[in-house]
Amino acid sequence: MMIAAMAHWKKIGIILGLTFIALYPLVHGDTYVMHIFILFFIWAVVASNWNLLMGYAGIFSLGNIGYFAIGAYASGILCKAFGWSPWVCILMGGLASMVCVTLFVGLPALRLSGIYIALLSLIFADSLPTILTQTRSITGGAMGLHDIPPLFEGITRLQSYYINFALFLVMLTIIYRTIHSSTGLAFVALRDSRSFAKALGVNEYKEKIKVFALVSLLTGITGGFYVHYLGDISPTTLAIEPFLLAIAMMEMGGIGRFPGAVLGAVIIVFGNEFLRLAGTLRLALLGALICAIILFFPGGLMQFIDWIDLRLTRLKARRAISS
Amino acid sequence: MRCSNCWTAIILALAVGCLAGGAVAEEPILIGTPLPLTGPYASDGEQMKMALELAVAEKNAAGGLLGRKLELKFGDVGGLEAEKIKAVGERLIGAGVDVVITGYDDGGVDTKVFGQYDVPYLHGNAMTLCTEPVAQNFEKYWNCFQYTYNDKDYGVDAAVHLFEVPPQIGWKPPNKKIAVIKVDYAYNVMPADEFARRVEKQGYEVVINETTQFGVAEWGPILSRIESTQPAFVTFWNLDPTDAARFIKQFSDRFGDEGIDALVYMQYTPSIPEFLELAGKAAEGLIWVGSAGNSGPKFEDYKKRWVAQFKKDPAGLYAVATRDAFDIWAQAVERAGCVDCYREVARHMREATYEGMAATYVFNPLDQSALLGEYLMPLVWYQIWEGKSVPMGPKRFKQTNYRKPPWIKK
Amino acid sequence: MNIKEIINTLVSGLISGSLYAIMALGLTIIYGVIHVFNFGHGIVAVLGGYFTWLFLTKLGLGLIPSILLALVFMFFFGLLLFKATINPLLKTPNWEFSTIIFLLGMGILLENLALQAFGPRVKHIPAFFEGSLKIGFVRVNWHEISLIGIVLVFILILNFFLKKTWFGQAMRAVAQDMDGARIVGISITRIFGYAFAMATMVTGFSGILLGTKYYMTPHIGWDWMVKGFVIVVLGGLGSATGAVYAAFIMGIAEALATLYLGSLWVWPIWFLIFVTILLLRPQGLAGGRTL
Amino acid sequence: MTRFNPPALEIQDVDSFYGELQVLRKASLRLQQREVVVLFGPNGHGKSTLLKAIAGIHPAAAGSIRYLGEEISRTPSAQIVEMGVAYIPEARNLFTDMTVGENLRLGAYNRRARSQVAQNLAYVFDLFPRLAERRDQIAATLSGGESRMLAVGRGLMSGAALLLIDEPSIGLSPIMKRAVFGAIAKIKSARDIAVLMVEQEVEHPLRLADRVYLLKKGRVILEKPAAEINKAEIEQAYF
């Protein structure tokens with residue numbers, strides 16, 4: 001019985017984790033902790049999308065916070081300017097992000113590789129603040145966009161919590177299914193051996209554009225949920241810190257491993273809040289953490305889980321032999 | 001020996017201990033302080049933190065507030081992202097703070113964050129964005145106080161007093177053209193736009209209205225435009241002392257010898273200590289406007305205590321103003337006689353006049369920002385001479401007369 | 001069209017160009033030899049400036065001794081950093097990604113340690129020369145002329161070093177064919193180590209130069225780094241001479257954009273130039289030649 | 001006698017892997033000083049891997065490699081070059097953005113050879129007059145035969161006592177082949193040097209060689225003096 005449970009410990013862990021998240025507001029329901037959970041839902045999705053692009057498709061994109069911001073801004077602006085329903089705006093924001101990113105990063109990226117894509121996407125994200133400033137009358141410039149309507153009038157924290165939890169589940173399901181679909185397999189094939197994949201008839205350009213479009217759409221939509229939850233956004237979202245946090249989440253969980261980014265997000269979002277107690281040393285500790293993982297745990301948390309798994313399998317085998 | 005007795009004894013002892021402890025050590029009053037402790041604003045954040053630590057230490061040494069000890073609860077709002085101020089705000093409130101005091105913590109979201117609660121919130125953001133909600137919806141935001149004036153006030157003030165300078169130095173402006181050079185940051189954009197709107201109504205022409213980003217290294221192209229349009233008034237609105245220092249240095253390099261017929265005005269920035277150090281001689285003759293600054297016997301005494309505690313001088317406005325804010329609140333609590341009767345405390349703050357170091361504080365009943373005035377919270381006009389900022393106005397502060405800046409040759 | 005305005009603006013463009021070239025120098029050497037993008041470039045530059053400032057104000061050394069001492073410091077710092085961290089990382093299968101993320105993390109760590117050590121206040125390094133040169137209506141500071149001069153002299157020295165010394169030749173050899181280099185008896189790890197150390201020193205030097213004009217806070221490095229990236233990619237990764245061309249082109253583009261469109265247009269125009277050049281010539285201006 | 005005059009190269013039971021794939025299985029061979037030995041064998045059976053193991057480019061997993069009696073199987077490649085072993089790879093590995101002259105000069109990178117750059121350069125130019133003509137040309141612009149010459153010339157610049165040449169003739173026209181092997185013959189007669197050459201082509205090398213080894217599936221299956229073996233016998237062993 002014990003052994004059987006141990007064999008499924010990962011599944012049990014996921015179920016327990018999700019049950020805990022689902023029940024938390026009903027049992028304890030501290031609004032501050034709920035806020036942190038909502039941030040976790042959102043950043044976990046952003047990091048998982050990033051992981052899909054970088055870890056699975058092997059496209060070295062560094063601009064994902066930019067894709068997020070486009071979705072967030074577009075949704076906020078549409079909602080404020082035309083008074084459309086936030087749900088429509090979120091979808092439009094996702095589409096806006098998809099169009100911009102595919103056009104300005106995805107298409108040029110077809111002709112580029114590795115480090116060039118990294119720099120192109122980074123510079124794309126870095127030029128967004130100036131573009132926002134440029135269009136100050138619409139975007140609020142450096143002052144940011146404020147008083148963005150919530151998803152519906154009089155929304156409570158509890159409702160936001162469950163809506164974003166649903167977003168989290170839906171997005172992760174989409175990402176999971178993408179990874180295990182033929183598209184996902186094509187990504188992995190391209191990442192691991194481009195010539196072999198091409199020989200199999202994988203169209204590199206088509207797959208690259210597909211993954212850019214998908215990731216920017218999902219990231220943009222998540223940006224929309226973020227902005228309607230917070231009610232405010234400014235170019236500070238594009239500053240270095242959120243960027244580093246998202247990278248750290250991905251890396252912490254394990255690049256190119258599916259639930260990795262989610263685990264990373266748990267540690268980073270809650271850890272970052274906890275580290276606020278450390279005051280001025282917070283970011284130094286974050287930097288040290290990133291360095292230490294790369295040096296000593298290059299596979300991230302997923303490597304650790306694999307290690308436990310291996311131990312358990314061995315234990316099971318030994319028990320089976322001894323009995 | 002039967003052990004049921006031991007258990008009874010232990011339980012009794014514990015119960016007595018708890019009761020006694022509860023009665024003797026009353027819970028401290030928690031003060032929530034969202035501060036920019038990391039990121040680009042950390043230098044001010046550090047001063048705010050020190051000011052509050054000193055304030056609490058002194059108050060506790062004097063027996064506490066209403067006989068209760070005070071304790072600070074810090075939260076880092078980093079680069080002032082909306083996401084952070086929201087999280088920090090909720091954490092502080094969740095921890096049960098009875099007041100929130102900060103130097104500055106945000107570009108406009110803070111009022112909405114803290115307006116949801118009842119604890120008094122005192123901030124020095126000096127932004128119209130932070131006080132507008134209070135003016136529009138007092139019912140909801142009655143607990144938010146801004147112990148500085150609004151950024152727009154700089155624009156209103158400059159549109160009046162800038163034009164009083166030329167007659168005092170015996171110089172006739174060659175035209176009615178104005179240059180407005182501002183950085184894209186609410187604190188600077190709001191007053192600059194307000195200024196531009198007002199002077200245009202007064203019949204001036206804004207020939208250059210340039211918005212930059214932070215970190216401009218080469219002002220050459222903008223100086224070239226100044227040279228070709230020849231405005232009589234050049235106004236510069238940029239919070240970053242390095243941008244401002246580079247601007248005035250390159251301005252003086254370009255026009256110092258041949259001369260240019262223009263006054264140069266800056267909003268606030270020269271009050272940041274680095275500015276004079278970086279700009280050096282180039283700043284001679286520059287006119288700027290800022291707070292009354294740190295002077296007077298009350299400040300001198302404060303400075304001594306500060307140096308004794310931290311072994312260095314207090315730097316900048318927030319080392320002083322944050323302390324004033326603390327004192328305003330502490331006075332209100334003492335008058336109200338209770339700390340968690342928030343509406344009472346807020347009423348006392350609203351109604352009181354407080355003689356602080358940086359100003360005499362009276363809150364504007366409309367938006368609960370500190371009222372501007374020569375004898376209240378003044379905007380003081382300075383001109384830089386011999387490496388020092390010399391107060392020129394209003395009358396109460398005036399030490400000497402304006403002089404012609406070195407680049408005006410006529 | 002005001003000729004005075006245009007010429008003065010072009011001069012400004014040259015000055016900005018020299019600053020951008022300075023930002024790119026260390027990056028291009030590291031990439032040229034090791035094929036690693038130094039995402040900790042900014043803070044390394046800032047540290048060079050801070051060390052100089054420290055020796056200058058706290059030890060009371062003169063400007064030149066302070067700079068030299070700081071350069072020695074930076075050299076050994078680079079060597080240590082390489083031996084302790086980058087070298088082991090280069091041996092992992094995912095080295096391209098790992099080194100970048102590692103250097104990013106190190107950047108933020110060092111930035112915040114510098115914040116603790118030096119405090120958040122703005123520091124600066126005094127200008128090398130006072131006074132200015134006047135030709136007709138154009139007026140340029142001697143200091144700014146010296147910056148342009150340093151960039152040009154630096155490129156000459158670098159080219160001499162790369163072409164005429166055994167070590168420089170070995171660096172080029174490693175950059176062009178690592179196995180070939182090994183075959184002729186070059187120790188890759190040694191060359192990598194010294195190249196990294198040298199590039200760290202050059203990056204530190206760039207921080208000193210930039211510290212005279214931009215002034216220094218621990219955070220300013222990110223800005224220098226991102227601009228350096230644009231320049232390096234445009235110039236052709238790993239080509240120092242290409243980077244200098246790119247820097248002057250971007251400096252002049254920036255100055256003209258500021259004059260005619262306003263300074264907020266600078267980044268969008270940079271991005272446009274960047275994408276256009278990358279699409280037309282993905283190998284950059286210098287045409288994909290290494291070192 | 002052997003104590004004072006050890007073999008130039010002595011290889012014993014060398015294993016080598018690429019990842020999981022074992023390429024060499026207990027390969028052994030020996031090379032006397034001033035001897036020219038050719039190693040024949042089918043493609044992909046470990047000939048090049050053996051040379052790489054000797055040169056320290058892809059170190060052996062097990063076994064011993066002695067050069068002039070000294071164990072070098074764990075020595076870094078740079079030091080092996082310094083000791084006098086020059087490896088001329090099939091892939092050439094030239095520095096394509098440098099001139100012919102620079103490439104040759106780098107051949108003399110090791111400390112021992114640096115003092116003799118001028119002398120060796122004259123020797124290489126004498127051997128390959130074509131290279132002298134193209135001295136200031138960028139290596140990337142050379143023809144196949146010329147770059148082969150450059151690779152050999154660069155190897156000779158190190159002042160080696162043992163030359164490891166990997167398929168010098170591959171992809172060359174008959175005229176070029178003759179030129180390259182002619183040069184190797186010249187080296188053999190003029191210099192105090194041992195040569196271990198890997199080849200597919202049989203005719204030319206057989207004329208040069210003192211002895212012949214045959215390598216198949218990572219094992220040495222045959223060793224004979226060159227005079228006692230003919231082309232047909234070798235080609236038969238390939239299959």
# chains A, B, ... in the order shown; residues from 1 in each chain; ligands from 1

call {"tool": "interface_residues", "arguments": {"of": "chain B", "to": "chain A", "cutoff": "10 Å", "atoms": "only C-alpha atoms", "output": "ChimeraX atom specification"}}
result
/B:35-39,42,45-46,73-84,86-95,107-109,112,129,183-187,189-190,211-213

call {"tool": "write_last_selection", "arguments": {"atoms": "N, CA and C atoms", "output": "compact mmCIF listing (two decimals), in the first residue's frame"}}
result
# COMPACT_ATOMS: atom_id res chain seq x y z
N LEU B 35 8.56 51.46 1.69
CA LEU B 35 9.64 52.36 1.26
C LEU B 35 10.38 51.77 0.06
N PRO B 36 10.93 52.63 -0.78
CA PRO B 36 11.73 52.10 -1.90
C PRO B 36 13.13 51.74 -1.43
N LEU B 37 13.29 50.58 -0.84
CA LEU B 37 14.58 50.23 -0.24
C LEU B 37 15.57 49.64 -1.25
N THR B 38 15.05 49.13 -2.37
CA THR B 38 15.95 48.65 -3.41
C THR B 38 15.59 49.39 -4.70
N GLY B 39 16.44 49.27 -5.70
CA GLY B 39 16.13 49.88 -6.98
C GLY B 39 16.55 51.33 -7.06
N ALA B 42 16.50 53.93 -4.09
CA ALA B 42 16.97 53.45 -2.80
C ALA B 42 17.66 54.53 -1.97
N GLY B 45 15.04 56.17 -0.14
CA GLY B 45 14.42 55.18 0.74
C GLY B 45 15.23 54.98 2.01
N GLU B 46 16.54 54.98 1.83
CA GLU B 46 17.43 54.81 2.98
C GLU B 46 17.24 55.94 4.00
N LYS B 73 7.21 48.44 10.81
CA LYS B 73 7.11 47.28 9.94
C LYS B 73 7.40 47.71 8.52
N PHE B 74 8.59 47.29 8.03
CA PHE B 74 9.01 47.77 6.72
C PHE B 74 8.46 46.90 5.60
N GLY B 75 8.29 47.53 4.46
CA GLY B 75 7.96 46.78 3.25
C GLY B 75 8.70 47.46 2.11
N ASP B 76 9.29 46.66 1.23
CA ASP B 76 10.08 47.24 0.15
C ASP B 76 9.22 47.35 -1.10
N VAL B 77 9.07 48.58 -1.61
CA VAL B 77 8.29 48.74 -2.83
C VAL B 77 9.19 48.89 -4.06
N GLY B 78 10.48 48.64 -3.87
CA GLY B 78 11.42 48.55 -5.00
C GLY B 78 11.31 49.70 -5.97
N GLY B 79 11.11 49.38 -7.24
CA GLY B 79 11.05 50.40 -8.28
C GLY B 79 9.67 51.02 -8.43
N LEU B 80 8.87 50.97 -7.39
CA LEU B 80 7.53 51.58 -7.35
C LEU B 80 6.55 50.97 -8.34
N GLU B 81 6.62 49.65 -8.54
CA GLU B 81 5.65 49.00 -9.41
C GLU B 81 4.31 48.86 -8.69
N ALA B 82 3.25 48.99 -9.47
CA ALA B 82 1.89 48.91 -8.91
C ALA B 82 1.69 47.59 -8.16
N GLU B 83 2.21 46.52 -8.79
CA GLU B 83 2.06 45.19 -8.20
C GLU B 83 2.64 45.13 -6.79
N LYS B 84 3.78 45.81 -6.63
CA LYS B 84 4.47 45.74 -5.34
C LYS B 84 3.76 46.53 -4.27
N LYS B 86 0.78 47.23 -4.04
CA LYS B 86 -0.44 46.53 -3.66
C LYS B 86 -0.11 45.41 -2.65
N ALA B 87 0.90 44.61 -2.99
CA ALA B 87 1.25 43.49 -2.12
C ALA B 87 1.74 43.98 -0.77
N VAL B 88 2.61 44.98 -0.82
CA VAL B 88 3.17 45.49 0.44
C VAL B 88 2.06 46.09 1.29
N GLY B 89 1.18 46.83 0.66
CA GLY B 89 0.07 47.45 1.37
C GLY B 89 -0.76 46.41 2.10
N GLU B 90 -1.11 45.36 1.36
CA GLU B 90 -1.96 44.35 1.99
C GLU B 90 -1.24 43.62 3.10
N ARG B 91 0.05 43.43 2.92
CA ARG B 91 0.78 42.72 3.97
C ARG B 91 0.83 43.56 5.24
N LEU B 92 1.08 44.86 5.06
CA LEU B 92 1.18 45.73 6.23
C LEU B 92 -0.16 45.79 6.96
N ILE B 93 -1.22 45.99 6.19
CA ILE B 93 -2.54 46.06 6.82
C ILE B 93 -2.85 44.73 7.52
N GLY B 94 -2.50 43.65 6.81
CA GLY B 94 -2.74 42.33 7.39
C GLY B 94 -1.99 42.11 8.69
N ALA B 95 -0.83 42.76 8.82
CA ALA B 95 -0.03 42.62 10.04
C ALA B 95 -0.61 43.45 11.18
N GLY B 107 3.80 56.00 -7.92
CA GLY B 107 3.42 57.01 -8.89
C GLY B 107 1.93 57.09 -9.10
N GLY B 108 1.14 56.87 -8.10
CA GLY B 108 -0.29 57.11 -8.26
C GLY B 108 -1.24 56.00 -7.86
N VAL B 109 -0.71 54.85 -7.44
CA VAL B 109 -1.59 53.74 -7.10
C VAL B 109 -1.85 53.69 -5.59
N LYS B 112 -5.16 54.57 -3.88
CA LYS B 112 -6.22 53.59 -4.07
C LYS B 112 -5.99 52.35 -3.22
N LEU B 129 -1.53 62.99 -9.01
CA LEU B 129 -2.15 61.67 -9.19
C LEU B 129 -2.57 61.04 -7.87
N VAL B 183 11.24 65.55 -18.35
CA VAL B 183 11.43 64.11 -18.46
C VAL B 183 10.08 63.44 -18.29
N ASP B 184 9.92 62.29 -18.91
CA ASP B 184 8.62 61.64 -18.86
C ASP B 184 8.40 60.96 -17.52
N TYR B 185 8.04 61.76 -16.54
CA TYR B 185 7.81 61.24 -15.21
C TYR B 185 6.76 62.16 -14.59
N ALA B 186 5.75 61.57 -13.97
CA ALA B 186 4.60 62.37 -13.56
C ALA B 186 4.98 63.60 -12.75
N TYR B 187 5.94 63.44 -11.86
CA TYR B 187 6.35 64.52 -10.98
C TYR B 187 6.85 65.72 -11.78
N VAL B 189 6.29 65.93 -15.49
CA VAL B 189 5.40 66.22 -16.62
C VAL B 189 4.22 67.07 -16.18
N MET B 190 3.62 66.73 -15.05
CA MET B 190 2.42 67.44 -14.60
C MET B 190 2.68 68.93 -14.42
N THR B 211 9.99 66.34 -24.49
CA THR B 211 9.94 65.31 -23.44
C THR B 211 11.09 64.34 -23.70
N THR B 212 11.87 64.07 -22.66
CA THR B 212 12.97 63.12 -22.83
C THR B 212 12.72 61.94 -21.91
N GLN B 213 13.60 60.95 -22.04
CA GLN B 213 13.63 59.87 -21.06
C GLN B 213 14.75 60.17 -20.08

call {"tool": "select_by_dssp", "arguments": {"residues": "segment 116-332 of chain B", "states": "helix (DSSP H, G or I)", "output": "JSON, numbers by chain"}}
result
{"B": [128, 129, 130, 131, 132, 133, 134, 135, 136, 138, 139, 140, 141, 152, 153, 154, 155, 156, 157, 158, 159, 160, 161, 162, 163, 164, 165, 166, 167, 168, 186, 187, 188, 189, 190, 191, 192, 193, 194, 195, 196, 197, 198, 199, 200, 201, 220, 221, 222, 223, 224, 225, 226, 227, 228, 229, 241, 242, 243, 244, 245, 246, 247, 248, 249, 250, 251, 252, 253, 254, 255, 269, 270, 271, 273, 274, 275, 276, 277, 278, 279, 280, 281, 282, 283, 297, 298, 299, 300, 301, 302, 303, 304, 305, 306, 307, 308, 309, 310, 318, 319, 320, 321, 322, 323, 324, 325, 326, 327, 328, 329, 330, 331, 332]}

call {"tool": "atom_distance", "arguments": {"atom1": "atom CA of Glu132 of chain B", "atom2": "atom CA of Gly115 of chain B"}}
result
12.3 Å

call {"tool": "residues_around", "arguments": {"residues": "Val14 of chain D", "least_positions_apart": "4", "cutoff": "12 Å", "atoms": "only C-alpha atoms", "output": "ChimeraX atom specification"}}
result
/D:10,22-29,46,49-54,59-66,73,218-220

call {"tool": "residues_around", "arguments": {"residues": "Gly101 of chain D", "least_positions_apart": "3", "cutoff": "9 Å", "atoms": "only C-alpha atoms", "output": "list in words"}}
result
Met98, Leu104, Arg105, Leu106, Leu121, Leu131, Ala132, Arg134, Arg135, Asp136, Gln137 and Ile138 of chain D

call {"tool": "atom_distance", "arguments": {"atom1": "atom CA of Ala248 of chain A", "atom2": "atom CA of Met302 of chain A"}}
result
13.9 Å

call {"tool": "interface_residues", "arguments": {"of": "chain C", "to": "chain D", "cutoff": "10 Å", "atoms": "only C-alpha atoms", "output": "PDB file with C-alpha atoms, in the first residue's frame"}}
result
ATOM      1  CA  LYS C 163      47.741  40.930 -35.277  1.00  0.00           C
ATOM      2  CA  LYS C 164      51.237  41.303 -33.955  1.00  0.00           C
ATOM      3  CA  TRP C 166      51.565  35.760 -30.043  1.00  0.00           C
ATOM      4  CA  PHE C 167      48.815  36.124 -27.474  1.00  0.00           C
ATOM      5  CA  GLN C 169      47.138  35.757 -32.588  1.00  0.00           C
ATOM      6  CA  ALA C 170      46.218  32.922 -30.262  1.00  0.00           C
ATOM      7  CA  ARG C 172      42.079  35.122 -32.947  1.00  0.00           C
ATOM      8  CA  ALA C 173      42.956  31.497 -33.550  1.00  0.00           C
ATOM      9  CA  VAL C 174      40.674  30.359 -30.738  1.00  0.00           C
ATOM     10  CA  ALA C 175      37.887  32.576 -32.021  1.00  0.00           C
ATOM     11  CA  GLN C 176      38.157  31.190 -35.549  1.00  0.00           C
ATOM     12  CA  ASP C 177      38.740  27.500 -34.984  1.00  0.00           C
ATOM     13  CA  MET C 178      38.926  26.052 -31.532  1.00  0.00           C
ATOM     14  CA  ASP C 179      40.135  22.631 -32.635  1.00  0.00           C
ATOM     15  CA  GLY C 180      42.675  24.247 -34.922  1.00  0.00           C
ATOM     16  CA  ALA C 181      43.920  26.258 -31.976  1.00  0.00           C
ATOM     17  CA  ARG C 182      44.237  23.153 -29.863  1.00  0.00           C
ATOM     18  CA  ILE C 183      46.123  21.425 -32.664  1.00  0.00           C
ATOM     19  CA  VAL C 184      48.800  24.084 -32.838  1.00  0.00           C
ATOM     20  CA  GLY C 185      49.271  23.795 -29.114  1.00  0.00           C
ATOM     21  CA  ILE C 186      47.188  26.677 -27.782  1.00  0.00           C
ATOM     22  CA  SER C 187      45.632  26.003 -24.389  1.00  0.00           C
ATOM     23  CA  ILE C 188      42.019  27.039 -24.855  1.00  0.00           C
ATOM     24  CA  ARG C 289      34.325  38.146 -39.673  1.00  0.00           C
ATOM     25  CA  THR C 290      35.570  37.266 -36.249  1.00  0.00           C
ATOM     26  CA  LEU C 291      38.106  39.428 -34.488  1.00  0.00           C
TER      27      LEU C 291
END

call {"tool": "interface_residues", "arguments": {"of": "chain C", "to": "chain A", "cutoff": "7 Å", "atoms": "only C-alpha atoms", "output": "MDAnalysis selection string"}}
result
chainID C and resid 98 102 105:106 108:109 112:113 264 267:268 271 279 282
